[in-house]
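Below: the structure, in structure tokens.
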Number of protein chains: 2
Amino acid sequence: MPELRKDPVLGRWVIISTERAKRPKDFKYTPEKKIVAPELCPFCLGNESSTPPEIMAYRAPNTQPNTAGWTLRVIPNKFPALLIEGDIKRRGEGIYDKMNGVGAHEVIIETNDHSLDLADLEPDQFKAVVHAYQERLNDLKNDNRLRYIMIFKNFGAAAGASLEHNHSQLVAMPVIPKRVIEEMDGAKRYYEYRDRCIFCDMVTQETKDRKRLISENNSFIMVCPFAPRFPFEIWILPRNHKSNFEDATDEELNDLATILKDGLLRLKKALNNPPYNYIIHTTPITLRGIDFYHYHLEIIPVLTHIAGFEWGTGFYINPTPPEESAAYLKNIL
Amino acid sequence: MPELRKDPVLGRWVIISTERAKRPKDFKYTPEKKIVAPELCPFCLGNESSTPPEIMAYRAPNTQPNTAGWTLRVIPNKFPALLIEGDIKRRGEGIYDKMNGVGAHEVIIETNDHSLDLADLEPDQFKAVVHAYQERLNDLKNDNRLRYIMIFKNFGAAAGASLEHNHSQLVAMPVIPKRVIEEMDGAKRYYEYRDRCIFCDMVTQETKDRKRLISENNSFIMVCPFAPRFPFEIWILPRNHKSNFEDATDEELNDLATILKDGLLRLKKALNNPPYNYIIHTTPITLRGIDFYHYHLEIIPVLTHIAGFEWGTGFYINPTPPEESAAYLKNIL
């Protein structure tokens, strides 16, 4: 059973992962690895039996689960950070606190075509991906042991991907993570002071100034944020206030797919297909329809290294103003 | 002038660095670069004129500043994240906040021998490095525009080093960074509840349990912390309570040098000379002699990638329990 341990000073939780355990002697530093493709890709058509049984799939009529015929497939992670079975069992060890690693860890295989980048998916297939995110979130939020569901994608070895075939991940956790609490608290402070959602105010200012705006559609704007950690960091913000990603309408999900694909294509073209992470930031599943927080998506291209200064301070040094990144991305297509 | 910008939700500051500015077209992703040694290493003996004029140096009697004859040299960073001249000037831009990037950014060249790793320095030279850290901190704390001074080292390209010749860095900032505020707040909450310093309690529990203890001397213990973000993460904690690094005695500085060298040697041997960061965590210079916080040093070997999950949650997934890392490091020499 994985173990959740809490840093007693910062309140930061760490998952000591038993399912992907590595012995100390397995670590020898070797300069940057590329992703080594296995002889048989477990995410390719026909290889369904080499993954855990599927949780759901979008597939052709009259095809059986765990056989070919699918266009999108959701499976449990074979080496899950958290396990779905078990009780949470909080306990102490002297001054320290820990609990069992209960939760869910799923993989969303975005396409059956190994050769495609996510940015190059057909528009309809990209929409299916975003709809699948929402469908999984809506299913898991019924599990009352869970507090937060995080959906994210790692693309490229330097961004933490370990398989080449395109996929996103979902981790459902028994605690609300520190970073989410900080974001909710910050947004709440702003709301208490101004009676306005800070993300709504961002949308207003960015659509007026336009100097950090990359593109927009009916439901979303895409910007380089005012204080980006990294060059070419991108945020996608819903135009209208909505706190929970699970409450996005079908039309909004389609618009999200369109603008996200557009953003990934711009990054691919501007930066020679860089590794990246994206993360859906949404409200904890125990809250719904709140006024002070607004779901959104953040994309981080991996171009620089996190170093001692960033670890020690939480500050970031960014060599490129977001106004320049935005202007470049705006004109790249 | 570099610009400090504040993320309006998280309160995280970002330095938009003009001195190391990169135009968008300078970014094309290329898989992991090695450090490219310049033809002439600016940190080597005889090349003193290719750096900004030195701030201080430990050098042979009767040698002139900015000539050979030194054994340790402190210089301004040629591409500083923050500039020492200027006023802070806080101002707004709509809903956003920013200020001028005032501060100091120095480089401590730890040895004149390009070929040595820090772990391999002679013990006396290593002591000189730690004494130089304290000396610079004591000098800069007289500048009343400054609030926090961070001393850290990046070793290896994947840890953010851009020059091969061994060096540490110092950044003095006009604000107390978010990560430091969180650490102080967490330690304070514990103190308010128990009337004890949390770091003192850690020292007590770790020296009693011994299962995460790697080594110890008169003034310090070296452990893998209970909730480490990464495999082989190491913390060095003073045995006796002291909040400020600048108040360490000469004997304590010598003991710190000894145990830090020991730790770096163990990492080098265990992990094939991995990239790493270390950071001195100490009290903001505006506070002195406080009861609830205890300076210490954290070492992070760079063996895994930060991915979407970590960015979104502030959680870390660590595949190796610290008890195993500690046992391995303990027996490696």
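FYI, nothing fancy with the structure tokens labels: chains A, B, ... in order, residues from 1 per chain, ligands from 1 as they appear.
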Check your understanding: Near range 123-137 of chain A, within 6 Å and counting only C-alpha atoms, which residues show up once chain neighbours fewer than 5 positions away are dropped, as a ChimeraX atom specification?
Key -> /A:110,246,254,257
Those residues with C-alpha atoms, as an mmCIF file, in the first residue's frame please?
```cif
data_model
loop_
_atom_site.group_PDB
_atom_site.id
_atom_site.type_symbol
_atom_site.label_atom_id
_atom_site.label_comp_id
_atom_site.auth_asym_id
_atom_site.auth_seq_id
_atom_site.Cartn_x
_atom_site.Cartn_y
_atom_site.Cartn_z
ATOM 1 C CA GLU A 110 -6.137 9.789 -26.316
ATOM 2 C CA GLU A 246 -17.468 19.110 -14.374
ATOM 3 C CA ASN A 254 -15.880 21.518 -27.564
ATOM 4 C CA ALA A 257 -10.795 21.236 -27.180
#
```
**Study point:** Residue neighbourhood Ile280 in chain A, 12 Å, only C-alpha atoms, exclusion window fewer than 2 positions, as JSON, numbers by chain
**Key:** {"A": [130, 133, 134, 137, 148, 149, 150, 151, 152, 153, 168, 169, 170, 171, 180, 235, 236, 237, 238, 243, 244, 245, 246, 256, 260, 277, 278, 282, 283, 284, 294, 295, 296, 297, 298, 299, 300], "B": [308, 309, 311, 312, 313]}
Now that the selection is made, can you save its residues with N, CA and C atoms as a compact mmCIF listing (two decimals), in the first residue's frame?
```txt
# COMPACT_ATOMS: atom_id res chain seq x y z
N VAL A 130 -11.45 15.66 -24.30
CA VAL A 130 -11.91 16.58 -23.26
C VAL A 130 -13.23 16.08 -22.63
N TYR A 133 -12.35 13.39 -20.12
CA TYR A 133 -11.89 13.96 -18.84
C TYR A 133 -13.09 14.22 -17.93
N GLN A 134 -14.10 14.90 -18.50
CA GLN A 134 -15.24 15.27 -17.67
C GLN A 134 -16.02 14.03 -17.22
N LEU A 137 -14.25 12.38 -14.32
CA LEU A 137 -14.37 13.21 -13.12
C LEU A 137 -15.77 13.02 -12.50
N TYR A 148 -10.13 15.47 -4.08
CA TYR A 148 -9.70 16.26 -5.24
C TYR A 148 -9.35 15.35 -6.40
N ILE A 149 -9.69 15.78 -7.60
CA ILE A 149 -9.36 15.01 -8.80
C ILE A 149 -8.57 15.91 -9.76
N MET A 150 -7.37 15.46 -10.07
CA MET A 150 -6.44 16.25 -10.88
C MET A 150 -6.28 15.56 -12.23
N ILE A 151 -6.50 16.31 -13.32
CA ILE A 151 -6.31 15.78 -14.67
C ILE A 151 -5.15 16.53 -15.31
N PHE A 152 -4.21 15.78 -15.87
CA PHE A 152 -3.02 16.44 -16.41
C PHE A 152 -2.41 15.60 -17.51
N LYS A 153 -1.51 16.22 -18.25
CA LYS A 153 -0.79 15.51 -19.30
C LYS A 153 0.69 15.83 -19.21
N SER A 168 -3.09 11.04 -21.30
CA SER A 168 -3.20 11.95 -20.16
C SER A 168 -3.37 11.10 -18.90
N GLN A 169 -3.36 11.74 -17.76
CA GLN A 169 -3.53 11.00 -16.51
C GLN A 169 -4.55 11.70 -15.62
N LEU A 170 -5.12 10.91 -14.74
CA LEU A 170 -6.05 11.42 -13.74
C LEU A 170 -5.61 10.83 -12.40
N VAL A 171 -5.44 11.68 -11.39
CA VAL A 171 -5.17 11.19 -10.04
C VAL A 171 -6.24 11.74 -9.11
N VAL A 180 -3.61 23.46 -4.41
CA VAL A 180 -5.01 23.81 -4.67
C VAL A 180 -5.55 24.67 -3.53
N TRP A 235 -2.11 30.12 -20.25
CA TRP A 235 -3.32 29.79 -19.50
C TRP A 235 -4.54 29.91 -20.41
N ILE A 236 -5.45 28.97 -20.27
CA ILE A 236 -6.73 29.03 -20.99
C ILE A 236 -7.84 29.26 -19.96
N LEU A 237 -8.53 30.39 -20.07
CA LEU A 237 -9.52 30.79 -19.07
C LEU A 237 -10.91 30.85 -19.69
N PRO A 238 -11.92 30.26 -19.03
CA PRO A 238 -13.31 30.41 -19.51
C PRO A 238 -13.70 31.90 -19.44
N SER A 243 -17.05 27.64 -11.66
CA SER A 243 -16.01 27.18 -10.73
C SER A 243 -15.56 25.75 -11.01
N ASN A 244 -16.48 24.90 -11.52
CA ASN A 244 -16.15 23.47 -11.63
C ASN A 244 -16.07 23.00 -13.08
N PHE A 245 -14.97 22.35 -13.42
CA PHE A 245 -14.81 21.80 -14.77
C PHE A 245 -15.93 20.82 -15.09
N GLU A 246 -16.42 20.10 -14.09
CA GLU A 246 -17.47 19.11 -14.37
C GLU A 246 -18.78 19.77 -14.78
N LEU A 256 -13.22 24.25 -25.57
CA LEU A 256 -11.96 24.02 -24.87
C LEU A 256 -11.03 23.16 -25.72
N LEU A 260 -7.43 24.48 -26.99
CA LEU A 260 -6.27 23.74 -26.47
C LEU A 260 -5.45 23.17 -27.63
N ASN A 277 3.80 20.13 -19.97
CA ASN A 277 2.76 19.62 -19.06
C ASN A 277 1.55 20.51 -19.19
N TYR A 278 0.35 19.93 -19.14
CA TYR A 278 -0.80 20.79 -18.87
C TYR A 278 -1.63 20.20 -17.76
N THR A 282 -9.21 22.98 -11.12
CA THR A 282 -10.64 23.09 -10.86
C THR A 282 -10.91 23.02 -9.37
N THR A 283 -12.15 23.24 -9.00
CA THR A 283 -12.57 23.29 -7.59
C THR A 283 -12.60 21.88 -7.01
N PRO A 284 -12.24 21.72 -5.73
CA PRO A 284 -12.35 20.39 -5.09
C PRO A 284 -13.77 19.85 -5.24
N HIS A 294 -12.57 29.90 -10.39
CA HIS A 294 -12.95 29.81 -11.79
C HIS A 294 -12.00 28.76 -12.39
N TYR A 295 -12.55 27.66 -12.89
CA TYR A 295 -11.65 26.61 -13.40
C TYR A 295 -10.88 27.11 -14.63
N HIS A 296 -9.74 26.54 -14.88
CA HIS A 296 -8.94 26.94 -16.04
C HIS A 296 -7.88 25.88 -16.31
N LEU A 297 -7.13 26.06 -17.37
CA LEU A 297 -6.11 25.09 -17.76
C LEU A 297 -4.78 25.82 -17.92
N GLU A 298 -3.70 25.24 -17.38
CA GLU A 298 -2.37 25.84 -17.50
C GLU A 298 -1.44 24.92 -18.29
N ILE A 299 -0.73 25.49 -19.25
CA ILE A 299 0.24 24.72 -20.05
C ILE A 299 1.65 25.24 -19.76
N ILE A 300 2.55 24.32 -19.42
CA ILE A 300 3.93 24.68 -19.10
C ILE A 300 4.88 23.99 -20.07
N GLY B 308 3.39 17.00 -14.52
CA GLY B 308 2.11 17.70 -14.35
C GLY B 308 1.50 17.50 -12.97
N PHE B 309 1.62 16.31 -12.43
CA PHE B 309 1.03 16.04 -11.12
C PHE B 309 1.65 16.94 -10.05
N TRP B 311 3.26 19.81 -10.51
CA TRP B 311 2.91 21.21 -10.78
C TRP B 311 1.52 21.53 -10.29
N GLY B 312 0.60 20.60 -10.49
CA GLY B 312 -0.79 20.90 -10.17
C GLY B 312 -1.10 20.79 -8.69
N THR B 313 -0.39 19.92 -8.00
CA THR B 313 -0.78 19.61 -6.62
C THR B 313 0.18 20.15 -5.57
```
Exercise for review: List every residue of range 126-188 of chain A that DSSP, applied to the backbone, labels as strand (DSSP E or B), and write the result as a ChimeraX atom specification.
Suggested key: /A:148-155,167-173
Could you take the residues named above and write them with N, CA and C atoms, as a compact mmCIF listing (two decimals), in the first residue's frame?
```txt
# COMPACT_ATOMS: atom_id res chain seq x y z
N TYR A 148 -10.13 15.47 -4.08
CA TYR A 148 -9.70 16.26 -5.24
C TYR A 148 -9.35 15.35 -6.40
N ILE A 149 -9.69 15.78 -7.60
CA ILE A 149 -9.36 15.01 -8.80
C ILE A 149 -8.57 15.91 -9.76
N MET A 150 -7.37 15.46 -10.07
CA MET A 150 -6.44 16.25 -10.88
C MET A 150 -6.28 15.56 -12.23
N ILE A 151 -6.50 16.31 -13.32
CA ILE A 151 -6.31 15.78 -14.67
C ILE A 151 -5.15 16.53 -15.31
N PHE A 152 -4.21 15.78 -15.87
CA PHE A 152 -3.02 16.44 -16.41
C PHE A 152 -2.41 15.60 -17.51
N LYS A 153 -1.51 16.22 -18.25
CA LYS A 153 -0.79 15.51 -19.30
C LYS A 153 0.69 15.83 -19.21
N ASN A 154 1.52 14.80 -19.34
CA ASN A 154 2.97 14.96 -19.47
C ASN A 154 3.35 14.53 -20.88
N PHE A 155 3.96 15.42 -21.65
CA PHE A 155 4.38 15.08 -23.01
C PHE A 155 5.90 15.20 -23.12
N HIS A 167 -1.01 10.07 -24.07
CA HIS A 167 -1.95 9.77 -22.99
C HIS A 167 -1.97 10.90 -21.97
N SER A 168 -3.09 11.04 -21.30
CA SER A 168 -3.20 11.95 -20.16
C SER A 168 -3.37 11.10 -18.90
N GLN A 169 -3.36 11.74 -17.76
CA GLN A 169 -3.53 11.00 -16.51
C GLN A 169 -4.55 11.70 -15.62
N LEU A 170 -5.12 10.91 -14.74
CA LEU A 170 -6.05 11.42 -13.74
C LEU A 170 -5.61 10.83 -12.40
N VAL A 171 -5.44 11.68 -11.39
CA VAL A 171 -5.17 11.19 -10.04
C VAL A 171 -6.24 11.74 -9.11
N ALA A 172 -6.93 10.85 -8.40
CA ALA A 172 -7.94 11.26 -7.42
C ALA A 172 -7.37 11.03 -6.03
N MET A 173 -7.45 12.05 -5.18
CA MET A 173 -6.74 12.03 -3.91
C MET A 173 -7.66 12.15 -2.70
```
Point to revise | Given only C-alpha atoms as the counted atoms, nearest of B:Ile214, B:Leu287, B:Ala158, B:Ala119 to chain A | key: B:Ala158
Exercise for review: Show which residues sit within 12 Å of Lys22 in chain A, as number ranges by chain. Count only C-alpha atoms, and ignore same-chain residues fewer than 5 positions away.
Suggested key: A: 16-17, 27-28, 79; B: 230-232, 303-304, 317-322, 324-325
Review point. Quick one: distance from CA of Lys6 in chain B to CA of Lys141 in chain B in Å, one decimal?
Key: 23.9 Å
Practice item. Determine the nearest neighbour of chain B from the options A:Glu206, A:Asp247, A:Glu183, A:Glu48, counting only C-alpha atoms. Key: A:Glu183
Practice item. Can you work out which one of A:Gly289, A:Pro275, A:Gly186, A:Pro80 has the shortest atom-to-atom distance to chain B, counting only C-alpha atoms? Key: A:Gly186
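Across range 69-175 of chain A, DSSP run on the backbone finds helix (DSSP H, G or I) at A:Leu118, A:Ala119, A:Asp120, A:Pro123, A:Asp124, A:Gln125, A:Phe126, A:Lys127, A:Ala128, A:Val129, A:Val130, A:His131, A:Ala132, A:Tyr133, A:Gln134, A:Glu135, A:Arg136, A:Leu137, A:Asn138, A:Asp139, A:Leu140, A:Ala157, A:Ala158, A:Ala159.
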Would you save the residues from that selection as a PDB file, in the first residue's frame, using C-alpha atoms?
```
ATOM      1  CA  LEU A 118      -1.965  15.322 -29.378  1.00  0.00           C
ATOM      2  CA  ALA A 119      -1.686  18.642 -31.221  1.00  0.00           C
ATOM      3  CA  ASP A 120      -2.288  16.781 -34.502  1.00  0.00           C
ATOM      4  CA  PRO A 123     -10.724  18.098 -34.048  1.00  0.00           C
ATOM      5  CA  ASP A 124     -13.461  15.572 -33.235  1.00  0.00           C
ATOM      6  CA  GLN A 125     -11.024  13.200 -31.578  1.00  0.00           C
ATOM      7  CA  PHE A 126      -9.611  16.067 -29.508  1.00  0.00           C
ATOM      8  CA  LYS A 127     -13.154  16.880 -28.386  1.00  0.00           C
ATOM      9  CA  ALA A 128     -13.595  13.247 -27.332  1.00  0.00           C
ATOM     10  CA  VAL A 129     -10.509  13.572 -25.102  1.00  0.00           C
ATOM     11  CA  VAL A 130     -11.911  16.581 -23.260  1.00  0.00           C
ATOM     12  CA  HIS A 131     -15.317  14.920 -22.914  1.00  0.00           C
ATOM     13  CA  ALA A 132     -13.642  11.810 -21.486  1.00  0.00           C
ATOM     14  CA  TYR A 133     -11.889  13.958 -18.842  1.00  0.00           C
ATOM     15  CA  GLN A 134     -15.237  15.270 -17.673  1.00  0.00           C
ATOM     16  CA  GLU A 135     -16.885  11.857 -17.783  1.00  0.00           C
ATOM     17  CA  ARG A 136     -14.217  10.300 -15.547  1.00  0.00           C
ATOM     18  CA  LEU A 137     -14.369  13.206 -13.117  1.00  0.00           C
ATOM     19  CA  ASN A 138     -18.148  12.882 -12.845  1.00  0.00           C
ATOM     20  CA  ASP A 139     -17.879   9.176 -12.169  1.00  0.00           C
ATOM     21  CA  LEU A 140     -15.172   9.409  -9.516  1.00  0.00           C
ATOM     22  CA  ALA A 157      10.645  12.602 -21.396  1.00  0.00           C
ATOM     23  CA  ALA A 158      11.765  15.918 -19.891  1.00  0.00           C
ATOM     24  CA  ALA A 159       8.154  16.580 -18.873  1.00  0.00           C
TER      25      ALA A 159
END
```
Check your understanding: Near Arg147 in chain A, within 7 Å and counting only C-alpha atoms, which residues show up once chain neighbours fewer than 6 positions away are dropped, as an MDAnalysis selection string?
Key -> chainID A and resid 173:176 284:286
Residue subset to file, keeping N, CA and C atoms, as a PDB file, in the first residue's frame:
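Just written: part_16.pdb:
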```pdb
ATOM      1  N   MET A 173      -7.450  12.051  -5.182  1.00  0.00           N
ATOM      2  CA  MET A 173      -6.737  12.033  -3.905  1.00  0.00           C
ATOM      3  C   MET A 173      -7.659  12.148  -2.700  1.00  0.00           C
ATOM      4  N   PRO A 174      -7.231  11.579  -1.564  1.00  0.00           N
ATOM      5  CA  PRO A 174      -8.054  11.632  -0.351  1.00  0.00           C
ATOM      6  C   PRO A 174      -7.877  12.932   0.435  1.00  0.00           C
ATOM      7  N   VAL A 175      -6.999  13.822  -0.041  1.00  0.00           N
ATOM      8  CA  VAL A 175      -6.812  15.135   0.605  1.00  0.00           C
ATOM      9  C   VAL A 175      -6.816  16.196  -0.494  1.00  0.00           C
ATOM     10  N   ILE A 176      -7.119  17.425  -0.109  1.00  0.00           N
ATOM     11  CA  ILE A 176      -7.014  18.520  -1.077  1.00  0.00           C
ATOM     12  C   ILE A 176      -5.555  18.956  -1.093  1.00  0.00           C
ATOM     13  N   PRO A 284     -12.238  21.715  -5.729  1.00  0.00           N
ATOM     14  CA  PRO A 284     -12.351  20.394  -5.093  1.00  0.00           C
ATOM     15  C   PRO A 284     -13.772  19.847  -5.241  1.00  0.00           C
ATOM     16  N   ILE A 285     -13.892  18.531  -5.341  1.00  0.00           N
ATOM     17  CA  ILE A 285     -15.201  17.943  -5.646  1.00  0.00           C
ATOM     18  C   ILE A 285     -16.207  18.105  -4.510  1.00  0.00           C
ATOM     19  N   THR A 286     -15.736  18.507  -3.352  1.00  0.00           N
ATOM     20  CA  THR A 286     -16.650  18.725  -2.230  1.00  0.00           C
ATOM     21  C   THR A 286     -17.314  20.098  -2.296  1.00  0.00           C
TER      22      THR A 286
END
```
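Atom to atom, CA of Lys178 in chain B and CA of Met184 in chain A stand 16.0 Å apart.
Atom pair CA of Glu251 in chain B / CA of Gly263 in chain B: separated by 18.4 Å.
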Review point. If you count only C-alpha atoms, which residues fall within 9 Å of range 90-99 of chain B, apart from same-chain ones fewer than 4 positions away, as a PyMOL selection string?
Key: (chain A and resi 198+201-202+205+226-227) or (chain B and resi 2-8+13)
Those selected residues, please, written with N, CA and C atoms and delivered as a PDB file, in the first residue's frame.
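Saved result, again.pdb, follows:
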```pdb
ATOM      1  N   ILE A 198     -11.361  36.753  -9.123  1.00  0.00           N
ATOM      2  CA  ILE A 198     -10.109  37.254  -9.678  1.00  0.00           C
ATOM      3  C   ILE A 198      -9.898  36.765 -11.112  1.00  0.00           C
ATOM      4  N   ASP A 201     -11.850  38.932 -13.370  1.00  0.00           N
ATOM      5  CA  ASP A 201     -11.137  40.200 -13.555  1.00  0.00           C
ATOM      6  C   ASP A 201      -9.965  40.044 -14.525  1.00  0.00           C
ATOM      7  N   MET A 202      -9.291  38.904 -14.453  1.00  0.00           N
ATOM      8  CA  MET A 202      -8.191  38.647 -15.401  1.00  0.00           C
ATOM      9  C   MET A 202      -8.727  38.628 -16.827  1.00  0.00           C
ATOM     10  N   GLN A 205      -9.449  42.171 -17.928  1.00  0.00           N
ATOM     11  CA  GLN A 205      -8.246  42.968 -18.220  1.00  0.00           C
ATOM     12  C   GLN A 205      -7.510  42.447 -19.455  1.00  0.00           C
ATOM     13  N   PHE A 226       0.272  37.174 -16.635  1.00  0.00           N
ATOM     14  CA  PHE A 226       1.070  38.348 -16.246  1.00  0.00           C
ATOM     15  C   PHE A 226       2.370  37.978 -15.545  1.00  0.00           C
ATOM     16  N   ALA A 227       2.345  36.978 -14.663  1.00  0.00           N
ATOM     17  CA  ALA A 227       3.544  36.600 -13.899  1.00  0.00           C
ATOM     18  C   ALA A 227       3.878  35.132 -14.171  1.00  0.00           C
TER      19      ALA A 227
ATOM     20  N   PRO B   2      15.462  44.587 -14.203  1.00  0.00           N
ATOM     21  CA  PRO B   2      14.567  43.429 -14.102  1.00  0.00           C
ATOM     22  C   PRO B   2      13.277  43.853 -13.393  1.00  0.00           C
ATOM     23  N   GLU B   3      12.212  43.103 -13.629  1.00  0.00           N
ATOM     24  CA  GLU B   3      10.924  43.450 -13.046  1.00  0.00           C
ATOM     25  C   GLU B   3      10.441  42.285 -12.198  1.00  0.00           C
ATOM     26  N   LEU B   4       9.968  42.595 -10.990  1.00  0.00           N
ATOM     27  CA  LEU B   4       9.338  41.567 -10.161  1.00  0.00           C
ATOM     28  C   LEU B   4       7.840  41.651 -10.384  1.00  0.00           C
ATOM     29  N   ARG B   5       7.220  40.525 -10.726  1.00  0.00           N
ATOM     30  CA  ARG B   5       5.772  40.506 -10.929  1.00  0.00           C
ATOM     31  C   ARG B   5       5.161  39.472  -9.997  1.00  0.00           C
ATOM     32  N   LYS B   6       3.992  39.788  -9.478  1.00  0.00           N
ATOM     33  CA  LYS B   6       3.367  38.922  -8.488  1.00  0.00           C
ATOM     34  C   LYS B   6       2.163  38.212  -9.098  1.00  0.00           C
ATOM     35  N   ASP B   7       2.134  36.900  -8.984  1.00  0.00           N
ATOM     36  CA  ASP B   7       0.943  36.170  -9.394  1.00  0.00           C
ATOM     37  C   ASP B   7      -0.182  36.574  -8.450  1.00  0.00           C
ATOM     38  N   PRO B   8      -1.280  37.117  -9.000  1.00  0.00           N
ATOM     39  CA  PRO B   8      -2.292  37.693  -8.113  1.00  0.00           C
ATOM     40  C   PRO B   8      -3.056  36.649  -7.307  1.00  0.00           C
ATOM     41  N   TRP B  13       6.053  35.442  -6.528  1.00  0.00           N
ATOM     42  CA  TRP B  13       6.769  36.442  -7.319  1.00  0.00           C
ATOM     43  C   TRP B  13       7.573  35.769  -8.425  1.00  0.00           C
TER      44      TRP B  13
END
```
Practice item. Choose the residue, out of A:Leu40, A:Ala326, A:Val9, A:Ile75, that has the smallest atom-to-atom separation from Val223 in chain A; count only C-alpha atoms. Key: A:Ala326
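The environment of Leu83 in chain A within 6 Å, counting only C-alpha atoms and disregarding residues fewer than 5 places along the same chain, consists of Val102, Gly103 and Ala104 of chain A.
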Those residues with N, CA and C atoms, as an mmCIF file, in the first residue's frame please?
```
data_model
loop_
_atom_site.group_PDB
_atom_site.id
_atom_site.type_symbol
_atom_site.label_atom_id
_atom_site.label_comp_id
_atom_site.auth_asym_id
_atom_site.auth_seq_id
_atom_site.Cartn_x
_atom_site.Cartn_y
_atom_site.Cartn_z
ATOM 1 N N VAL A 102 -4.697 5.927 -0.508
ATOM 2 C CA VAL A 102 -5.939 5.529 -1.170
ATOM 3 C C VAL A 102 -6.305 6.584 -2.204
ATOM 4 N N GLY A 103 -6.800 6.151 -3.347
ATOM 5 C CA GLY A 103 -7.213 7.092 -4.380
ATOM 6 C C GLY A 103 -7.343 6.363 -5.700
ATOM 7 N N ALA A 104 -7.276 7.107 -6.791
ATOM 8 C CA ALA A 104 -7.339 6.477 -8.107
ATOM 9 C C ALA A 104 -6.271 7.085 -8.995
#
```
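The residue that comes closest to chain B, out of A:Ile259, A:Ala68, A:Leu333, A:Cys200 and on the basis of only C-alpha atoms, is A:Cys200.
If only C-alpha atoms are the atoms counted, then among B:Met1, B:Leu45, B:Val14, B:Val74 the closest residue to chain A is B:Val14.
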